[in-house]
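**Q** Provided herewith: final-v8.pdb, PDB, C-alpha atoms and all ligand atoms.
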ATOM      1  CA  MET A   1      86.529  74.464  97.460
ATOM      2  CA  ALA A   2      83.247  76.112  98.261
ATOM      3  CA  VAL A   3      82.094  79.534  97.119
ATOM      4  CA  GLU A   4      81.717  81.656 100.261
ATOM      5  CA  ARG A   5      80.625  85.143 101.223
ATOM      6  CA  THR A   6      82.471  87.322 103.708
ATOM      7  CA  LEU A   7      81.993  90.819 105.121
ATOM      8  CA  SER A   8      84.568  93.471 104.328
ATOM      9  CA  ILE A   9      84.775  96.915 105.912
ATOM     10  CA  LEU A  10      87.071  99.540 104.465
ATOM     11  CA  LYS A  11      87.604 101.413 107.710
ATOM     12  CA  PRO A  12      87.533 105.224 108.167
ATOM     13  CA  ASP A  13      91.309 105.530 107.616
ATOM     14  CA  SER A  14      91.009 103.910 104.156
ATOM     15  CA  VAL A  15      88.178 106.238 103.171
ATOM     16  CA  GLU A  16      89.970 109.344 104.540
ATOM     17  CA  LYS A  17      93.136 108.519 102.585
ATOM     18  CA  ASN A  18      91.273 107.722  99.322
ATOM     19  CA  HIS A  19      92.428 104.097  99.283
ATOM     20  CA  VAL A  20      88.991 102.640  98.500
ATOM     21  CA  GLY A  21      89.554 102.149  94.773
ATOM     22  CA  GLU A  22      93.015 100.626  95.172
ATOM     23  CA  ILE A  23      91.811  98.169  97.799
ATOM     24  CA  ILE A  24      88.815  97.087  95.707
ATOM     25  CA  ALA A  25      91.163  96.614  92.725
ATOM     26  CA  MET A  26      93.345  94.289  94.858
ATOM     27  CA  LEU A  27      90.257  92.291  95.854
ATOM     28  CA  GLU A  28      88.981  91.962  92.279
ATOM     29  CA  ALA A  29      92.455  90.930  91.104
ATOM     30  CA  ALA A  30      92.247  88.112  93.672
ATOM     31  CA  SER A  31      88.797  87.065  92.357
ATOM     32  CA  LEU A  32      87.031  88.322  95.493
ATOM     33  CA  ARG A  33      83.997  89.894  93.872
ATOM     34  CA  PRO A  34      82.077  92.676  95.677
ATOM     35  CA  ILE A  35      78.431  91.602  95.231
ATOM     36  CA  ALA A  36      77.048  94.381  97.478
ATOM     37  CA  ILE A  37      78.666  97.711  98.380
ATOM     38  CA  LYS A  38      77.590 100.741 100.393
ATOM     39  CA  ARG A  39      79.323 103.751 101.921
ATOM     40  CA  THR A  40      77.888 104.780 105.255
ATOM     41  CA  GLN A  41      78.645 106.454 108.584
ATOM     42  CA  LEU A  42      78.421 103.956 111.452
ATOM     43  CA  THR A  43      76.570 105.066 114.560
ATOM     44  CA  ARG A  44      77.981 104.172 117.978
ATOM     45  CA  ALA A  45      75.261 101.498 118.366
ATOM     46  CA  MET A  46      76.110  99.939 114.993
ATOM     47  CA  ALA A  47      79.832  99.780 115.829
ATOM     48  CA  GLU A  48      79.352  98.563 119.421
ATOM     49  CA  GLY A  49      76.965  95.815 118.318
ATOM     50  CA  PHE A  50      79.223  94.727 115.490
ATOM     51  CA  TYR A  51      82.256  94.461 117.790
ATOM     52  CA  ALA A  52      80.308  93.122 120.815
ATOM     53  CA  VAL A  53      82.738  90.166 121.136
ATOM     54  CA  HIS A  54      85.478  92.686 121.974
ATOM     55  CA  ARG A  55      83.410  94.578 124.567
ATOM     56  CA  GLU A  56      85.661  93.520 127.467
ATOM     57  CA  ARG A  57      88.940  94.279 125.669
ATOM     58  CA  LYS A  58      90.828  97.353 126.821
ATOM     59  CA  PHE A  59      90.910  98.814 123.308
ATOM     60  CA  PHE A  60      87.101  98.602 122.825
ATOM     61  CA  GLY A  61      86.482 102.326 123.437
ATOM     62  CA  GLU A  62      89.254 103.348 121.058
ATOM     63  CA  LEU A  63      87.978 100.892 118.437
ATOM     64  CA  VAL A  64      84.432 102.307 118.563
ATOM     65  CA  GLU A  65      85.732 105.916 118.431
ATOM     66  CA  PHE A  66      87.827 105.052 115.389
ATOM     67  CA  MET A  67      85.094 103.160 113.537
ATOM     68  CA  THR A  68      82.603 106.029 113.978
ATOM     69  CA  ARG A  69      84.891 108.980 113.209
ATOM     70  CA  GLY A  70      84.079 109.002 109.481
ATOM     71  CA  PRO A  71      82.399 107.022 106.727
ATOM     72  CA  VAL A  72      83.234 103.407 105.980
ATOM     73  CA  VAL A  73      82.652 101.237 102.906
ATOM     74  CA  LEU A  74      80.781  98.009 103.633
ATOM     75  CA  MET A  75      81.024  95.153 101.152
ATOM     76  CA  VAL A  76      79.977  91.556 100.800
ATOM     77  CA  LEU A  77      82.717  89.675  98.940
ATOM     78  CA  GLU A  78      82.054  86.409  97.158
ATOM     79  CA  GLY A  79      84.565  83.856  95.878
ATOM     80  CA  GLU A  80      86.131  80.443  96.346
ATOM     81  CA  ASN A  81      87.206  80.069  99.972
ATOM     82  CA  ALA A  82      86.522  83.804 100.360
ATOM     83  CA  ILE A  83      86.712  83.985 104.174
ATOM     84  CA  ALA A  84      90.252  82.636 104.559
ATOM     85  CA  ARG A  85      91.509  84.146 101.299
ATOM     86  CA  TYR A  86      90.371  87.636 102.215
ATOM     87  CA  ARG A  87      92.047  87.306 105.648
ATOM     88  CA  GLU A  88      95.248  86.310 103.852
ATOM     89  CA  ILE A  89      95.069  89.279 101.473
ATOM     90  CA  MET A  90      94.318  91.665 104.384
ATOM     91  CA  GLY A  91      97.375  90.499 106.346
ATOM     92  CA  ALA A  92      97.987  90.411 110.104
ATOM     93  CA  THR A  93      96.006  92.714 112.434
ATOM     94  CA  ASP A  94      99.219  94.614 113.256
ATOM     95  CA  PRO A  95     100.615  96.026 109.988
ATOM     96  CA  ALA A  96     104.149  95.743 111.419
ATOM     97  CA  LYS A  97     103.627  91.959 111.339
ATOM     98  CA  ALA A  98     101.736  91.816 108.018
ATOM     99  CA  ALA A  99     103.328  90.121 104.997
ATOM    100  CA  GLU A 100     104.586  92.132 102.005
ATOM    101  CA  GLY A 101     101.898  92.795  99.421
ATOM    102  CA  THR A 102      98.982  92.578 101.868
ATOM    103  CA  ILE A 103      96.414  95.366 102.228
ATOM    104  CA  ARG A 104      97.407  96.144 105.816
ATOM    105  CA  LYS A 105     101.129  96.170 105.015
ATOM    106  CA  LYS A 106     100.452  98.620 102.222
ATOM    107  CA  PHE A 107      97.836 100.902 103.758
ATOM    108  CA  ALA A 108      97.492 100.450 107.557
ATOM    109  CA  ALA A 109      99.047 102.922 110.018
ATOM    110  CA  ASN A 110      99.023 100.758 113.170
ATOM    111  CA  ILE A 111      97.228  97.913 114.982
ATOM    112  CA  GLY A 112      94.144 100.069 115.626
ATOM    113  CA  GLU A 113      93.902 102.007 112.363
ATOM    114  CA  ASN A 114      94.426  99.010 110.145
ATOM    115  CA  ALA A 115      92.528  99.777 106.945
ATOM    116  CA  THR A 116      90.145  96.817 106.698
ATOM    117  CA  HIS A 117      87.979  94.289 108.476
ATOM    118  CA  GLY A 118      87.259  90.752 107.289
ATOM    119  CA  SER A 119      85.094  88.039 108.867
ATOM    120  CA  ASP A 120      87.119  85.234 110.474
ATOM    121  CA  ALA A 121      84.774  82.201 110.153
ATOM    122  CA  PRO A 122      81.546  81.112 108.419
ATOM    123  CA  GLU A 123      79.376  81.817 111.497
ATOM    124  CA  THR A 124      80.836  85.284 112.012
ATOM    125  CA  ALA A 125      80.506  86.043 108.278
ATOM    126  CA  LYS A 126      76.800  85.176 108.473
ATOM    127  CA  PHE A 127      76.265  87.388 111.534
ATOM    128  CA  GLU A 128      78.318  90.287 110.130
ATOM    129  CA  ILE A 129      76.673  90.274 106.677
ATOM    130  CA  GLY A 130      73.251  90.197 108.362
ATOM    131  CA  TRP A 131      74.268  93.054 110.683
ATOM    132  CA  PHE A 132      74.799  95.443 107.781
ATOM    133  CA  PHE A 133      72.881  94.089 104.764
ATOM    134  CA  ALA A 134      69.187  93.279 104.393
ATOM    135  CA  GLY A 135      68.197  90.252 102.329
ATOM    136  CA  CYS A 136      66.831  92.506  99.572
ATOM    137  CA  GLU A 137      70.277  94.153  99.147
ATOM    138  CA  LEU A 138      71.986  90.868  98.267
ATOM    139  CA  PRO A 139      71.790  88.938  95.000
TER     140      PRO A 139
HETATM  141  P1  LIG A 201      91.177  91.403 113.108
HETATM  142  O1  LIG A 201      90.242  90.219 113.047
HETATM  143  O2  LIG A 201      92.479  91.161 112.371
HETATM  144  O3  LIG A 201      90.521  92.688 112.670
HETATM  145  O4  LIG A 201      91.621  91.600 114.634
HETATM  146  P2  LIG A 201      90.863  91.474 116.055
HETATM  147  O5  LIG A 201      89.550  90.739 115.894
HETATM  148  O6  LIG A 201      91.846  90.958 117.029
HETATM  149  O7  LIG A 201      90.563  92.980 116.471
HETATM  150  C1  LIG A 201      89.514  93.719 115.886
HETATM  151  C2  LIG A 201      89.984  95.132 115.614
HETATM  152  O8  LIG A 201      90.245  95.776 116.854
HETATM  153  C3  LIG A 201      91.314  95.239 114.857
HETATM  154  O9  LIG A 201      91.176  95.090 113.455
HETATM  155  C4  LIG A 201      91.771  96.638 115.245
HETATM  156  O10 LIG A 201      91.111  97.655 114.488
HETATM  157  C5  LIG A 201      91.303  96.723 116.686
HETATM  158  N1  LIG A 201      92.404  96.362 117.617
HETATM  159  C6  LIG A 201      92.948  95.133 117.852
HETATM  160  N2  LIG A 201      93.945  95.197 118.760
HETATM  161  C7  LIG A 201      94.035  96.511 119.106
HETATM  162  C8  LIG A 201      94.866  97.244 120.004
HETATM  163  O11 LIG A 201      95.754  96.693 120.685
HETATM  164  N3  LIG A 201      94.662  98.602 120.098
HETATM  165  C9  LIG A 201      93.686  99.246 119.372
HETATM  166  N4  LIG A 201      93.530 100.583 119.502
HETATM  167  N5  LIG A 201      92.870  98.593 118.513
HETATM  168  C10 LIG A 201      93.049  97.249 118.385
END
Is it possible to give me this structure as structure tokens?

**A**
Amino acid sequence: MAVERTLSILKPDSVEKNHVGEIIAMLEAASLRPIAIKRTQLTRAMAEGFYAVHRERKFFGELVEFMTRGPVVLMVLEGENAIARYREIMGATDPAKAAEGTIRKKFAANIGENATHGSDAPETAKFEIGWFFAGCELP
């Protein structure tokens, strides 16, 4: 299996509820190593551009409001098969459907406020990492 990098966002709900440390501990325990981390407040333009693929979805406005209502923690995770493994550890988008022991099952309130983001494919990981991290911020 290849070593991959993926983008993780600990969304505003995770930061508000002080779940950042616990979530990072779950990731490290799964050998998903944060190789770059920053806490920041997304602007509307940053959130809209990041989620541009969802622009036509009816929840787009709500999603942008949510993602900009408070600070987030942005991370690049590195590990074997990191993209798929992180998605597995996050759990389903809707926490009601997420498996026991997953981040979303444990910490997410509902399908919108669902604790974390993780890239879903190598091309999206590349775009998403580049959206938030400059080359000089990455090892
Ligand atoms: P993900 O890849 O598991 O994050 O899921 P998607 O790519 O389908 O959706 C992106 C994000 O949009 C989700 O993580 C949610 O925060 C949000 N979202 C998805 N579906 C809904 C919905 O029905 N209502 C609201 N308010 N937000 C949603």

**Q** Which residues, named as in the file, does the PyMOL selection byres (((chain A and resi 9) around 12) and not hetatm) pick out? Answer as JSON, numbers by chain.

**A** {"A": [6, 7, 8, 10, 11, 12, 13, 14, 15, 20, 23, 24, 34, 36, 37, 38, 39, 40, 41, 42, 47, 50, 67, 71, 72, 73, 74, 75, 76, 77, 86, 90, 114, 115, 116, 117, 118, 119, 125, 128, 129, 132]}

**Q** Please extract the residues at most 8 Å from ligand LIG 201 (chain A), counting all atoms listed in the file, and provide them as a list in words, using the chain letters and residue numbers of this document.

**A**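 The residues near ligand LIG 201 (chain A) are Tyr51, His54, Lys58, Phe59, Phe60, Glu62, Leu63, Arg87, Gly91, Ala92, Thr93, Asp94, Ile111, Gly112, Glu113, Asn114, Ala115, Thr116, His117, Gly118, Ser119 and Asp120 of chain A.
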
**Q** I'd like the interatomic distance between CA of Asn18 in chain A and CA of Arg69 in chain A, to a tenth of an Å.

**A**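 Value for the CA of Asn18 in chain A-CA of Arg69 in chain A distance: 15.3 Å.
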
**Q** What is the distance between CA of Thr68 in chain A and CA of Phe107 in chain A, in Å to one decimal?

**A**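 Answer for the CA of Thr68 in chain A to CA of Phe107 in chain A separation: 19.0 Å.
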
**Q** Between CA of Glu4 in chain A and CA of Pro139 in chain A, what is the distance in Å, rounded to a tenth?

**A** 13.4 Å

**Q** Check which residues satisfy the PyMOL selection byres (((chain A and resi 95) around 6) and not hetatm) in the file shown, then give them as a PDB file with C-alpha atoms, keeping the file's coordinate frame.

**A**
ATOM      1  CA  ASP A  94      99.219  94.614 113.256  1.00  0.00           C
ATOM      2  CA  ALA A  96     104.149  95.743 111.419  1.00  0.00           C
ATOM      3  CA  LYS A  97     103.627  91.959 111.339  1.00  0.00           C
ATOM      4  CA  ALA A  98     101.736  91.816 108.018  1.00  0.00           C
ATOM      5  CA  ARG A 104      97.407  96.144 105.816  1.00  0.00           C
ATOM      6  CA  LYS A 105     101.129  96.170 105.015  1.00  0.00           C
ATOM      7  CA  ALA A 108      97.492 100.450 107.557  1.00  0.00           C
ATOM      8  CA  ASN A 110      99.023 100.758 113.170  1.00  0.00           C
TER       9      ASN A 110
END

**Q** Need to verify the contact set: Val3 in chain A, 10 Å, all atoms listed in the file, exclusion of same-chain residues closer than 6 positions in sequence. Can you return it as a list in words?

**A**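 Residues meeting the cut-off are Glu78, Gly79, Glu80, Asn81, Ala82 and Ile83 of chain A.
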
**Q** The centre and edge lengths of an axis-aligned box containing all atoms of range 93-104 of chain A present in the file, extended by 8 Å on each side, are to be given in Å to one decimal, as JSON.

**A**
{"center_x": 100.3, "center_y": 93.1, "center_z": 106.3, "size_x": 24.6, "size_y": 22.0, "size_z": 29.8}

**Q** Can I get range 24-58 of chain A with N, CA and C atoms filled in, as a compact mmCIF listing (two decimals), in the frame of the given file?

**A**
# COMPACT_ATOMS: atom_id res chain seq x y z
N ILE A 24 89.77 97.89 96.48
CA ILE A 24 88.82 97.09 95.71
C ILE A 24 89.51 96.46 94.49
N ALA A 25 90.43 97.18 93.87
CA ALA A 25 91.16 96.61 92.72
C ALA A 25 91.97 95.39 93.16
N MET A 26 92.59 95.45 94.36
CA MET A 26 93.34 94.29 94.86
C MET A 26 92.41 93.10 95.08
N LEU A 27 91.21 93.38 95.58
CA LEU A 27 90.26 92.29 95.85
C LEU A 27 89.78 91.66 94.55
N GLU A 28 89.44 92.49 93.57
CA GLU A 28 88.98 91.96 92.28
C GLU A 28 90.09 91.17 91.59
N ALA A 29 91.32 91.65 91.72
CA ALA A 29 92.46 90.93 91.10
C ALA A 29 92.62 89.55 91.73
N ALA A 30 92.16 89.41 92.98
CA ALA A 30 92.25 88.11 93.67
C ALA A 30 90.95 87.31 93.53
N SER A 31 90.09 87.74 92.60
CA SER A 31 88.80 87.06 92.36
C SER A 31 87.88 87.06 93.58
N LEU A 32 88.00 88.10 94.42
CA LEU A 32 87.03 88.32 95.49
C LEU A 32 86.11 89.42 94.98
N ARG A 33 84.90 89.01 94.60
CA ARG A 33 84.00 89.89 93.87
C ARG A 33 83.06 90.61 94.83
N PRO A 34 83.05 91.97 94.84
CA PRO A 34 82.08 92.68 95.68
C PRO A 34 80.68 92.52 95.07
N ILE A 35 79.79 91.82 95.76
CA ILE A 35 78.43 91.60 95.23
C ILE A 35 77.43 92.56 95.87
N ALA A 36 77.86 93.30 96.89
CA ALA A 36 77.05 94.38 97.48
C ALA A 36 78.02 95.38 98.08
N ILE A 37 77.77 96.66 97.85
CA ILE A 37 78.67 97.71 98.38
C ILE A 37 77.83 98.89 98.84
N LYS A 38 78.17 99.44 100.02
CA LYS A 38 77.59 100.74 100.39
C LYS A 38 78.56 101.53 101.27
N ARG A 39 78.49 102.86 101.12
CA ARG A 39 79.32 103.75 101.92
C ARG A 39 78.39 104.36 102.95
N THR A 40 78.78 104.28 104.21
CA THR A 40 77.89 104.78 105.26
C THR A 40 78.70 105.24 106.47
N GLN A 41 78.04 106.00 107.32
CA GLN A 41 78.64 106.45 108.58
C GLN A 41 78.09 105.57 109.69
N LEU A 42 78.92 104.81 110.37
CA LEU A 42 78.42 103.96 111.45
C LEU A 42 78.03 104.81 112.65
N THR A 43 76.92 104.46 113.28
CA THR A 43 76.57 105.07 114.56
C THR A 43 77.32 104.29 115.65
N ARG A 44 77.35 104.86 116.85
CA ARG A 44 77.98 104.17 117.98
C ARG A 44 77.32 102.80 118.21
N ALA A 45 75.98 102.77 118.13
CA ALA A 45 75.26 101.50 118.37
C ALA A 45 75.62 100.46 117.30
N MET A 46 75.74 100.88 116.07
CA MET A 46 76.11 99.94 114.99
C MET A 46 77.51 99.37 115.22
N ALA A 47 78.45 100.23 115.62
CA ALA A 47 79.83 99.78 115.83
C ALA A 47 79.94 98.91 117.09
N GLU A 48 79.28 99.34 118.17
CA GLU A 48 79.35 98.56 119.42
C GLU A 48 78.74 97.18 119.25
N GLY A 49 77.62 97.10 118.54
CA GLY A 49 76.96 95.82 118.32
C GLY A 49 77.80 94.91 117.43
N PHE A 50 78.40 95.50 116.41
CA PHE A 50 79.22 94.73 115.49
C PHE A 50 80.41 94.11 116.22
N TYR A 51 81.05 94.91 117.09
CA TYR A 51 82.26 94.46 117.79
C TYR A 51 81.95 93.97 119.21
N ALA A 52 80.71 93.53 119.46
CA ALA A 52 80.31 93.12 120.82
C ALA A 52 81.25 92.08 121.42
N VAL A 53 81.83 91.20 120.59
CA VAL A 53 82.74 90.17 121.14
C VAL A 53 83.97 90.79 121.79
N HIS A 54 84.29 92.03 121.41
CA HIS A 54 85.48 92.69 121.97
C HIS A 54 85.13 93.63 123.13
N ARG A 55 83.87 93.60 123.58
CA ARG A 55 83.41 94.58 124.57
C ARG A 55 84.30 94.67 125.81
N GLU A 56 84.85 93.53 126.24
CA GLU A 56 85.66 93.52 127.47
C GLU A 56 87.14 93.87 127.22
N ARG A 57 87.53 94.00 125.96
CA ARG A 57 88.94 94.28 125.67
C ARG A 57 89.27 95.74 125.99
N LYS A 58 90.50 95.99 126.37
CA LYS A 58 90.83 97.35 126.82
C LYS A 58 90.82 98.38 125.68
